[in-house]
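Structure below is final-v2.csv: CSV, C-alpha atoms and all ligand atoms.
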chain,number,residue,atom,x,y,z
K,1,MET,CA,85.7,-7.5,46.5
K,2,THR,CA,85.3,-8.1,42.8
K,3,GLU,CA,87.9,-10.6,41.5
K,4,ILE,CA,90.0,-9.3,38.6
K,5,TYR,CA,91.2,-11.8,35.9
K,6,ASN,CA,93.9,-11.6,33.3
K,7,TYR,CA,92.6,-12.5,29.9
K,8,PHE,CA,94.1,-13.0,26.4
K,9,ALA,CA,92.0,-12.6,23.2
K,10,VAL,CA,93.5,-14.7,20.4
K,11,CYS,CA,93.0,-13.2,16.9
K,12,PRO,CA,94.3,-13.5,13.3
K,13,ARG,CA,97.7,-11.9,13.0
K,14,GLY,CA,97.5,-8.3,11.9
K,15,LEU,CA,94.2,-7.7,13.7
K,16,GLU,CA,95.8,-7.0,17.1
K,17,ALA,CA,95.2,-3.3,17.0
K,18,VAL,CA,91.5,-3.8,15.9
K,19,VAL,CA,90.9,-6.2,18.8
K,20,ALA,CA,92.6,-3.7,21.2
K,21,ARG,CA,90.2,-1.0,20.0
K,22,GLU,CA,87.2,-3.4,20.5
K,23,LEU,CA,88.4,-4.1,24.0
K,24,LYS,CA,88.8,-0.4,24.8
K,25,ASN,CA,85.1,0.0,23.8
K,26,LEU,CA,84.3,-2.7,26.3
K,27,GLN,CA,86.2,-0.8,29.0
K,28,ALA,CA,88.8,-3.5,29.4
K,29,LYS,CA,92.0,-2.6,31.5
K,30,ASP,CA,95.7,-3.2,30.8
K,31,ILE,CA,95.1,-3.7,27.1
K,32,MET,CA,98.4,-4.9,25.5
K,33,PRO,CA,98.6,-6.1,21.9
K,34,GLU,CA,100.9,-9.0,21.4
K,35,ARG,CA,101.5,-11.4,18.5
K,36,ALA,CA,98.2,-12.9,17.4
K,37,GLY,CA,96.3,-11.6,20.4
K,38,VAL,CA,95.8,-9.0,23.0
K,39,SER,CA,96.1,-9.4,26.8
K,40,PHE,CA,93.7,-7.4,29.0
K,41,SER,CA,92.2,-7.5,32.5
K,42,GLY,CA,88.9,-7.0,34.1
K,43,ASP,CA,86.1,-8.8,36.1
K,44,LEU,CA,84.1,-11.9,35.1
K,45,LYS,CA,81.5,-9.7,33.5
K,46,LEU,CA,84.1,-8.3,31.2
K,47,GLY,CA,85.3,-11.8,30.3
K,48,TYR,CA,81.7,-12.7,29.4
K,49,LYS,CA,81.3,-9.5,27.4
K,50,ALA,CA,84.5,-10.1,25.5
K,51,ASN,CA,83.2,-13.5,24.4
K,52,LEU,CA,79.8,-12.0,23.3
K,53,TRP,CA,81.1,-8.8,21.7
K,54,LEU,CA,84.5,-9.3,20.2
K,55,ARG,CA,84.1,-9.4,16.4
K,56,SER,CA,87.7,-10.0,15.3
K,57,ALA,CA,88.9,-12.4,18.1
K,58,VAL,CA,88.7,-16.2,17.7
K,59,ARG,CA,89.1,-17.2,21.4
K,60,VAL,CA,89.2,-15.6,24.9
K,61,LEU,CA,91.5,-17.3,27.3
K,62,CYS,CA,91.4,-16.7,31.1
K,63,LYS,CA,94.9,-17.0,32.6
K,64,ILE,CA,95.1,-19.0,35.8
K,65,LYS,CA,98.9,-19.3,36.4
K,66,GLU,CA,102.2,-18.2,35.1
K,67,PHE,CA,105.6,-19.7,36.2
K,68,PRO,CA,109.1,-20.4,34.8
K,69,ALA,CA,110.1,-24.0,34.3
K,70,HIS,CA,113.4,-25.4,33.1
K,71,SER,CA,112.8,-29.2,33.5
K,72,GLU,CA,110.0,-31.7,33.3
K,73,ALA,CA,110.1,-32.2,37.1
K,74,GLU,CA,109.9,-28.4,37.8
K,75,PHE,CA,107.0,-28.1,35.3
K,76,TYR,CA,105.1,-31.1,36.9
K,77,GLU,CA,105.6,-29.7,40.4
K,78,ASN,CA,104.1,-26.4,39.4
K,79,VAL,CA,101.1,-27.9,37.6
K,80,VAL,CA,100.3,-30.6,40.2
K,81,ALA,CA,100.3,-27.9,43.0
K,82,MET,CA,97.6,-25.8,41.3
K,83,HIS,CA,94.1,-25.8,42.7
K,84,TRP,CA,92.5,-27.6,39.7
K,85,GLU,CA,89.6,-28.5,41.9
K,86,ASN,CA,88.5,-24.8,41.7
K,87,HIS,CA,88.1,-25.2,37.9
K,88,LEU,CA,86.8,-28.7,37.4
K,89,SER,CA,85.6,-31.7,39.3
K,90,ILE,CA,86.1,-35.5,38.7
K,91,ASP,CA,82.8,-35.4,36.8
K,92,HIS,CA,84.0,-32.9,34.3
K,93,THR,CA,85.9,-33.8,31.2
K,94,LEU,CA,89.1,-32.0,30.1
K,95,ALA,CA,91.5,-31.5,27.2
K,96,VAL,CA,94.8,-29.8,27.0
K,97,THR,CA,96.2,-27.8,24.0
K,98,ALA,CA,99.9,-26.7,24.1
K,99,ASN,CA,101.8,-24.2,22.2
K,100,ILE,CA,105.6,-24.3,22.6
K,101,ASN,CA,108.2,-21.8,21.5
K,102,ASP,CA,112.0,-22.1,22.2
K,103,SER,CA,111.6,-24.1,25.5
K,104,PHE,CA,113.0,-27.2,27.2
K,105,LEU,CA,110.0,-29.1,26.0
K,106,THR,CA,109.9,-29.1,22.2
K,107,HIS,CA,106.8,-31.1,21.3
K,108,SER,CA,103.5,-29.5,21.9
K,109,GLN,CA,101.6,-32.8,22.1
K,110,PHE,CA,104.1,-34.2,24.7
K,111,ALA,CA,103.7,-30.9,26.7
K,112,ALA,CA,99.9,-31.3,26.6
K,113,LEU,CA,100.2,-34.9,27.8
K,114,LYS,CA,102.5,-33.9,30.7
K,115,THR,CA,100.0,-31.1,31.7
K,116,LYS,CA,97.1,-33.5,31.6
K,117,ASP,CA,99.0,-36.1,33.7
K,118,ALA,CA,99.8,-33.5,36.4
K,119,VAL,CA,96.1,-32.3,36.5
K,120,VAL,CA,94.9,-35.9,36.7
K,121,ASP,CA,97.5,-36.8,39.4
K,122,ARG,CA,96.2,-33.8,41.5
K,123,PHE,CA,92.7,-35.4,41.5
K,124,MET,CA,94.0,-38.9,42.1
K,125,ASN,CA,96.1,-37.7,45.1
K,126,LYS,CA,93.1,-35.9,46.6
K,127,TYR,CA,90.1,-38.0,45.7
K,128,GLU,CA,91.5,-41.3,44.3
K,129,ARG,CA,89.3,-40.6,41.3
K,130,ARG,CA,90.1,-38.6,38.2
K,131,PRO,CA,88.3,-36.6,35.5
K,132,ASN,CA,88.2,-38.1,32.0
K,133,VAL,CA,89.7,-36.7,28.8
K,134,ASP,CA,87.4,-35.6,26.0
K,135,ARG,CA,89.5,-34.1,23.1
K,136,ASP,CA,86.5,-33.2,20.9
K,137,SER,CA,84.2,-31.4,23.4
K,138,PRO,CA,85.7,-31.0,26.8
K,139,ASP,CA,83.9,-29.3,29.7
K,140,VAL,CA,87.2,-27.6,30.6
K,141,HIS,CA,89.8,-26.8,27.9
K,142,ILE,CA,93.2,-26.0,29.3
K,143,TYR,CA,95.7,-24.1,27.2
K,144,LEU,CA,99.5,-24.2,27.9
K,145,ASN,CA,101.7,-21.6,26.3
K,146,MET,CA,105.4,-22.1,26.9
K,147,ASN,CA,107.6,-19.3,25.6
K,148,HIS,CA,111.3,-19.4,26.4
K,149,ASN,CA,110.5,-21.6,29.4
K,150,HIS,CA,107.9,-19.2,30.7
K,151,CYS,CA,104.7,-21.2,31.2
K,152,THR,CA,101.2,-19.7,31.1
K,153,LEU,CA,98.2,-21.9,31.9
K,154,SER,CA,94.8,-20.6,30.8
K,155,LEU,CA,91.3,-21.9,30.4
K,156,ASN,CA,89.6,-21.4,27.0
K,157,MET,CA,86.4,-19.5,27.8
K,158,SER,CA,85.0,-19.6,24.3
K,159,GLY,CA,84.9,-23.3,23.5
K,160,GLU,CA,84.7,-23.5,19.7
K,161,SER,CA,86.3,-20.7,17.8
K,162,LEU,CA,84.3,-17.4,18.0
K,163,HIS,CA,84.5,-17.1,14.2
K,164,GLN,CA,81.9,-19.8,14.1
K,165,ARG,CA,78.9,-17.6,14.4
K,166,GLY,CA,76.7,-20.2,13.0
K,167,TYR,CA,75.2,-18.2,10.1
K,168,ARG,CA,77.4,-19.5,7.3
K,169,ARG,CA,76.3,-23.0,6.1
K,170,GLN,CA,76.7,-22.2,2.4
K,171,LYS,CA,80.2,-21.2,1.1
K,172,GLY,CA,81.5,-20.0,-2.2
K,173,GLU,CA,85.1,-20.0,-3.4
K,174,ALA,CA,87.7,-19.1,-0.7
K,175,PRO,CA,85.3,-17.7,1.9
K,176,LEU,CA,86.8,-15.4,4.6
K,177,LYS,CA,86.4,-16.5,8.2
K,178,GLU,CA,83.9,-14.3,10.0
K,179,ALA,CA,86.5,-12.9,12.5
K,180,LEU,CA,88.9,-11.9,9.7
K,181,ALA,CA,86.0,-10.4,7.7
K,182,ALA,CA,84.8,-8.4,10.7
K,183,GLY,CA,88.4,-7.1,11.3
K,184,ILE,CA,88.6,-6.1,7.7
K,185,VAL,CA,85.4,-4.1,7.9
K,186,LEU,CA,86.5,-2.5,11.1
K,187,LEU,CA,89.9,-1.5,9.5
K,188,THR,CA,88.0,0.4,6.8
K,189,GLY,CA,86.6,2.6,9.6
K,190,TYR,CA,83.0,1.5,8.7
K,191,ASP,CA,80.7,2.3,11.6
K,192,GLY,CA,77.2,1.7,10.2
K,193,SER,CA,76.6,5.2,9.0
K,194,GLN,CA,78.3,5.0,5.6
K,195,ILE,CA,77.4,3.3,2.3
K,196,PHE,CA,79.1,-0.2,2.2
K,197,ILE,CA,79.5,-2.1,-1.0
K,198,ASP,CA,81.1,-5.5,-1.5
K,199,ALA,CA,81.5,-5.9,-5.2
K,200,MET,CA,82.7,-9.6,-5.1
K,201,CYS,CA,80.8,-10.7,-2.1
K,202,GLY,CA,81.0,-14.5,-2.5
K,203,SER,CA,79.1,-16.1,0.4
K,204,GLY,CA,78.5,-12.6,1.8
K,205,THR,CA,80.8,-12.6,4.8
K,206,LEU,CA,81.9,-8.9,4.5
K,207,PRO,CA,78.5,-7.4,4.0
K,208,ILE,CA,77.0,-9.6,6.7
K,209,GLU,CA,79.6,-8.6,9.2
K,210,ALA,CA,79.1,-4.9,8.2
K,211,ALA,CA,75.4,-5.3,8.8
K,212,LEU,CA,76.0,-6.8,12.2
K,213,ILE,CA,78.1,-3.8,13.0
K,214,ALA,CA,75.4,-1.4,11.7
K,215,ARG,CA,72.8,-3.2,13.9
K,216,ASN,CA,75.2,-3.0,16.9
K,217,PHE,CA,74.5,-6.7,17.1
K,218,ALA,CA,76.9,-8.6,19.4
K,219,PRO,CA,78.1,-11.5,17.2
K,220,GLY,CA,77.9,-13.9,20.1
K,221,LEU,CA,74.2,-13.5,20.2
K,222,LEU,CA,74.1,-15.8,17.2
K,223,ARG,CA,75.9,-18.6,19.1
K,224,GLN,CA,74.3,-21.2,21.3
K,225,ASN,CA,77.3,-22.4,23.3
K,226,PHE,CA,80.4,-21.0,25.0
K,227,GLY,CA,83.0,-23.0,26.9
K,228,PHE,CA,82.5,-21.3,30.2
K,229,GLN,CA,78.8,-22.3,30.3
K,230,ARG,CA,80.0,-25.8,31.3
K,231,TRP,CA,82.3,-24.7,34.0
K,232,PRO,CA,81.4,-25.5,37.6
K,233,ASN,CA,81.7,-21.9,38.7
K,234,HIS,CA,79.7,-20.4,35.8
K,235,ASP,CA,77.6,-17.4,36.9
K,236,ALA,CA,74.5,-18.0,34.8
K,237,ASP,CA,72.6,-14.9,36.1
K,238,LEU,CA,75.5,-12.6,35.3
K,239,TRP,CA,75.7,-14.2,31.8
K,240,GLN,CA,72.0,-13.7,31.3
K,241,ASN,CA,72.4,-10.0,32.2
K,242,VAL,CA,75.2,-9.6,29.7
K,243,VAL,CA,73.1,-11.2,27.0
K,244,ALA,CA,70.0,-9.1,27.9
K,245,GLU,CA,72.1,-5.9,27.8
K,246,ALA,CA,73.4,-6.8,24.3
K,247,GLN,CA,69.8,-7.6,23.1
K,248,ASP,CA,68.7,-4.2,24.3
K,249,ASN,CA,71.5,-2.6,22.3
K,250,VAL,CA,70.4,-3.9,18.9
K,251,CYS,CA,69.3,-1.1,16.5
K,252,ARG,CA,68.0,-0.6,13.0
K,253,PRO,CA,70.9,0.2,10.6
K,254,ALA,CA,70.8,3.8,9.2
K,255,THR,CA,71.9,2.8,5.7
K,256,THR,CA,71.7,-0.1,3.3
K,257,ILE,CA,74.6,-2.4,2.7
K,258,PHE,CA,75.2,-3.8,-0.8
K,259,GLY,CA,76.7,-7.2,-1.8
K,260,SER,CA,77.0,-8.4,-5.4
K,261,ASP,CA,78.8,-11.2,-7.2
K,262,ILE,CA,79.1,-12.5,-10.7
K,263,SER,CA,77.7,-15.9,-9.8
K,264,SER,CA,74.0,-16.1,-9.2
K,265,GLN,CA,74.4,-19.4,-7.3
K,266,ILE,CA,76.8,-17.7,-4.8
K,267,VAL,CA,74.5,-14.7,-4.4
K,268,GLY,CA,71.8,-17.2,-3.4
K,269,PHE,CA,74.2,-18.6,-0.7
K,270,ALA,CA,74.9,-15.1,0.5
K,271,LYS,CA,71.2,-14.3,0.9
K,272,GLU,CA,70.6,-17.5,2.8
K,273,ASN,CA,73.6,-16.7,5.1
K,274,ALA,CA,72.3,-13.2,5.7
K,275,ARG,CA,68.9,-14.5,6.6
K,276,ARG,CA,70.4,-16.8,9.2
K,277,ALA,CA,72.5,-13.9,10.6
K,278,GLY,CA,69.3,-11.9,11.0
K,279,VAL,CA,70.5,-9.1,8.7
K,280,ARG,CA,68.7,-10.0,5.4
K,281,PRO,CA,66.4,-6.8,5.4
K,282,TRP,CA,69.4,-4.5,5.5
K,283,VAL,CA,71.7,-6.1,2.8
K,284,LYS,CA,70.7,-5.7,-0.8
K,285,PHE,CA,72.3,-8.6,-2.8
K,286,SER,CA,72.4,-8.8,-6.5
K,287,GLN,CA,74.0,-10.9,-9.2
K,288,LYS,CA,76.2,-8.4,-11.0
K,289,ASP,CA,79.6,-8.2,-12.8
K,290,MET,CA,81.8,-5.8,-10.8
K,291,PHE,CA,82.3,-3.9,-14.0
K,292,GLU,CA,78.6,-3.0,-14.3
K,293,LEU,CA,78.4,-1.4,-10.8
K,294,THR,CA,77.7,2.2,-10.4
K,295,SER,CA,78.2,4.5,-7.4
K,296,ARG,CA,75.5,4.9,-4.7
K,297,GLY,CA,76.8,8.2,-3.5
K,298,GLU,CA,79.9,9.6,-1.9
K,299,GLY,CA,81.7,9.0,1.4
K,300,GLY,CA,81.2,5.2,1.3
K,301,VAL,CA,83.3,2.1,1.4
K,302,ILE,CA,83.7,-0.1,-1.7
K,303,ILE,CA,85.5,-3.3,-1.1
K,304,CYS,CA,86.5,-6.3,-3.2
K,305,ASN,CA,88.0,-9.7,-2.2
K,306,PRO,CA,88.9,-10.9,-5.7
K,307,PRO,CA,90.2,-14.3,-6.6
K,308,TYR,CA,94.0,-14.3,-6.4
K,309,GLY,CA,94.9,-17.1,-8.7
K,310,GLU,CA,95.6,-19.8,-6.1
K,311,ARG,CA,95.9,-22.5,-8.7
K,312,MET,CA,98.8,-22.9,-11.1
K,313,GLY,CA,98.5,-20.9,-14.3
K,314,GLU,CA,95.7,-18.7,-13.1
K,315,ILE,CA,97.8,-15.8,-12.1
K,316,ASP,CA,98.0,-14.1,-15.5
K,317,ASP,CA,94.2,-14.3,-15.9
K,318,VAL,CA,93.6,-12.5,-12.6
K,319,ARG,CA,96.2,-9.8,-13.2
K,320,GLY,CA,93.9,-8.1,-15.7
K,321,LEU,CA,91.0,-8.4,-13.3
K,322,TYR,CA,92.9,-6.3,-10.7
K,323,THR,CA,93.7,-3.6,-13.4
K,324,GLU,CA,90.0,-3.5,-14.2
K,325,ILE,CA,89.0,-3.2,-10.5
K,326,GLY,CA,91.4,-0.2,-10.4
K,327,ASN,CA,89.7,1.4,-13.4
K,328,VAL,CA,86.2,0.9,-12.0
K,329,PHE,CA,87.2,2.3,-8.6
K,330,LYS,CA,88.8,5.4,-10.3
K,331,ARG,CA,86.0,6.1,-12.9
K,332,ARG,CA,82.8,5.2,-11.1
K,333,PHE,CA,83.5,5.5,-7.3
K,334,THR,CA,85.0,9.0,-6.9
K,335,GLY,CA,84.4,10.4,-3.5
K,336,ASN,CA,84.5,6.9,-1.9
K,337,THR,CA,87.3,4.9,-0.3
K,338,GLY,CA,88.2,1.7,-2.2
K,339,TYR,CA,89.7,-1.4,-0.6
K,340,ILE,CA,91.1,-4.6,-2.0
K,341,PHE,CA,91.8,-7.6,0.2
K,342,THR,CA,94.0,-10.2,-1.5
K,343,GLY,CA,96.0,-13.3,-0.6
K,344,ASN,CA,98.6,-12.3,-3.3
K,345,PRO,CA,100.1,-8.9,-2.5
K,346,GLU,CA,102.0,-9.1,-5.9
K,347,LEU,CA,98.7,-8.6,-7.7
K,348,LEU,CA,98.1,-5.2,-6.2
K,349,LYS,CA,100.8,-3.9,-8.5
K,350,SER,CA,98.4,-4.3,-11.3
K,351,VAL,CA,95.7,-2.1,-9.8
K,352,GLY,CA,97.3,1.1,-11.1
K,353,LEU,CA,96.1,3.3,-8.2
K,354,LYS,CA,98.1,5.1,-5.6
K,355,THR,CA,97.8,3.1,-2.3
K,356,LYS,CA,96.9,5.2,0.7
K,357,GLN,CA,97.6,2.5,3.2
K,358,LYS,CA,98.3,-1.2,3.3
K,359,HIS,CA,97.6,-3.6,6.2
K,360,VAL,CA,99.4,-7.0,6.5
K,361,LEU,CA,96.8,-9.5,7.6
K,362,TYR,CA,97.0,-13.3,7.9
K,363,ASN,CA,94.3,-15.4,6.4
K,364,GLY,CA,95.2,-18.6,8.3
K,365,GLN,CA,98.9,-19.1,7.3
K,366,LEU,CA,98.5,-17.0,4.2
K,367,GLU,CA,100.1,-13.5,4.4
K,368,SER,CA,97.6,-11.2,2.8
K,369,ARG,CA,97.1,-7.5,2.2
K,370,LEU,CA,94.2,-5.0,2.7
K,371,ALA,CA,95.0,-2.1,0.4
K,372,GLU,CA,93.2,1.3,0.8
K,373,TYR,CA,92.7,3.7,-2.1
K,374,ALA,CA,91.4,7.3,-1.7
K,375,LEU,CA,89.3,7.8,-4.8
K,376,PHE,CA,89.4,11.5,-5.7
R,401,LIG,C1,87.6,-14.9,-3.0
R,401,LIG,S1,85.9,-15.0,-3.5
R,401,LIG,C2,85.2,-13.9,-2.3
R,401,LIG,C3,84.9,-14.5,-1.0
R,401,LIG,C4,84.0,-13.7,0.0
R,401,LIG,N1,84.8,-12.6,0.5
R,401,LIG,C5,83.5,-14.6,1.1
R,401,LIG,O1,83.8,-14.4,2.3
R,401,LIG,O2,82.8,-15.6,0.8
R,401,LIG,C6,85.9,-14.0,-4.9
R,401,LIG,C7,84.5,-13.8,-5.6
R,401,LIG,O3,84.7,-12.9,-6.7
R,401,LIG,C8,83.7,-13.3,-7.6
R,401,LIG,N2,84.0,-12.6,-8.9
R,401,LIG,C9,85.0,-12.9,-9.7
R,401,LIG,N3,85.0,-12.1,-10.8
R,401,LIG,C10,84.0,-11.2,-10.6
R,401,LIG,C11,83.5,-10.1,-11.3
R,401,LIG,N4,84.0,-9.7,-12.5
R,401,LIG,N5,82.4,-9.4,-10.8
R,401,LIG,C12,81.8,-9.8,-9.6
R,401,LIG,N6,82.3,-10.9,-8.9
R,401,LIG,C13,83.3,-11.5,-9.4
R,401,LIG,C14,83.7,-14.8,-7.6
R,401,LIG,O4,82.4,-15.3,-8.1
R,401,LIG,C15,83.9,-15.1,-6.1
R,401,LIG,O5,82.7,-15.3,-5.4

Translate the structure of the given file into structure tokens.
Amino acid sequence: MTEIYNYFAVCPRGLEAVVARELKNLQAKDIMPERAGVSFSGDLKLGYKANLWLRSAVRVLCKIKEFPAHSEAEFYENVVAMHWENHLSIDHTLAVTANINDSFLTHSQFAALKTKDAVVDRFMNKYERRPNVDRDSPDVHIYLNMNHNHCTLSLNMSGESLHQRGYRRQKGEAPLKEALAAGIVLLTGYDGSQIFIDAMCGSGTLPIEAALIARNFAPGLLRQNFGFQRWPNHDADLWQNVVAEAQDNVCRPATTIFGSDISSQIVGFAKENARRAGVRPWVKFSQKDMFELTSRGEGGVIICNPPYGERMGEIDDVRGLYTEIGNVFKRRFTGNTGYIFTGNPELLKSVGLKTKQKHVLYNGQLESRLAEYALF
């Protein structure tokens, strides 16, 4: 019988519903959005597909045990009793990351150490030898989540964060992480058939992610390594099938995607990044002031991720920029939907357009907004 696993896809806060939709498209079961992630279930193939296909998630965890614990002794007994030998051998390296919330253990590093000790003791008791710790690049990365004394132990399937697609070596000012950028594009409802314009594209993250969507290109195809490839029970044939299926799904985009920025140096970076992402032929980049842009037709998406005056004293300078963006949207892009993504929600007051919808998204720790404007 096919084994069913419980998974958790970690994502930037605010993108839970987007990840849930992505998981629905992958035919995941028991999809449940939680804070900064979505739990779901399915077979191993689904776990592999989630790693390869999820655009807005940063990590896929495979749960291996849940239990309550109210003391160190109870915690240790539970962890040492687990069949760790099914997940790693004495020749594999391990690391533990812990996340603690309102529990009897209060320090995540201490909790990670206690978990590691119990795993190592399991091997010592059984084989009189133990696996080594490798914090930087472990073969098996164990995650402990302890919430109100409820412990969940999982294995990190992804390895390095999934936002690291590998195409972005050159960065401009305040670049968006790829998973957040993909989530923003998906929130606009962009599906590859509409016109897509990023008028302040920086290093090109939004148009590149839009082009990957338009190509139906699984973002994981750009990566060389996933954590599960180093697991002892990795099914390399199944993984090859999942990759081959994704390669067969790649298509030619139906429309062109546009990215422009006022800085010619940064546009150069964006072009180079798009080339590495394999989407250069479908993204037209140009050096242009946002205020010189003209419409490319109706029914499209025009988006800006403007500077938001992070440094002291800059805020008044950028306020006027937001007003001007509102004017350009209103005067030149009628019949399109405009979006502004900003790390300073206060600045949206200067846009001067009626907001149709606002999404609260977290760019790391920074509470940000994606505002939508219907441009009639
Ligand atoms: C926050 S960054 C965008 C980052 C981008 N989303 C990324 O992922 O790399 C803001 C960008 O707006 C550009 N910019 C500022 N004023 C502009 C204007 N008037 N027209 C076009 N681009 C402008 C800056 O050069 C900068 O690259």

Worksheet item: Near Thr255 in chain K, counting only C-alpha atoms, which residues have an atom at most 10 Å away, once you skip same-chain residues fewer than 3 positions from it, shown as a ChimeraX atom specification?
Response: /K:192-196,211,214,252,258,282-283

Worksheet item: Using only C-alpha atoms and all ligand atoms, which of the listed residues (K:Ala81, K:Ala277, K:Met290, K:Val351) sits closest to ligand LIG 401 (chain R)?
Response: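 Nearest candidate to ligand LIG 401 (chain R) out of K:Ala81, K:Ala277, K:Met290, K:Val351: K:Met290.
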
Fill in: Nearest candidate to ligand LIG 401 (chain R) (options K:Glu292, K:Asp235, K:Asp261, K:Glu314; using all atoms listed in the file)
K:Asp261

Fill in: Test item: residues lying within 7 Å of ligand LIG 401 (chain R) with only C-alpha atoms and all ligand atoms, as number ranges by chain
K: 171-177, 199-206, 260-263, 266, 288-291, 305-307

Worksheet item: How far is it from CA of Phe228 in chain K to CA of Val250 in chain K, in Å with one decimal?
Response: 24.0 Å

Discussion item. List as a list of chain:residue names the protein and nucleic acid residues near range 358-367 of chain K, meaning an atom at most 6 Å away when only C-alpha atoms are counted, but skip any in the same chain fewer than 4 places from it.
Written reply: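 The contact residues come out as K:Arg13, K:Gly14, K:Ala371.
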
Discussion item. Report as a list in words all protein, DNA and RNA residues lying within 9 Å of Leu52 in chain K, evaluated on all atoms listed in the file, omitting residues in the same chain fewer than 6 positions from it.
Written reply: Leu162, Ala218, Pro219, Gly220, Leu221, Arg223, Val242, Val243 and Ala246 of chain K

Item to complete: Would you list the residues near (101.0, -33.2, 25.5), meaning any protein, DNA or RNA residue with an atom at most 10 Å from that point in file coordinates, counting all atoms listed in the file, as an MDAnalysis selection string?
Response: chainID K and resid 95:99 105 107:117 144

Worksheet item: Can you tell me how far CA of Leu212 in chain K sits from CA of Ala182 in chain K, in Å to one decimal?
Response: 9.1 Å

Worksheet item: Between K:Ile197, K:Arg319, K:Phe376, K:Gly309, which one has atoms that come closest to Lys284 in chain K, using all atoms listed in the file?
Response: K:Ile197

Worksheet entry | Residues within 9 Å of Lys330 in chain K, all atoms listed in the file, excluding chain neighbours under 6 positions, as a list in words | Gly338, Leu353, Leu375 and Phe376 of chain K

Worksheet item: So which residues touch Asp91 in chain K within 10 Å, counting only C-alpha atoms, skipping near sequence neighbours fewer than 4 positions away, as a ChimeraX atom specification?
Response: /K:129-132,139
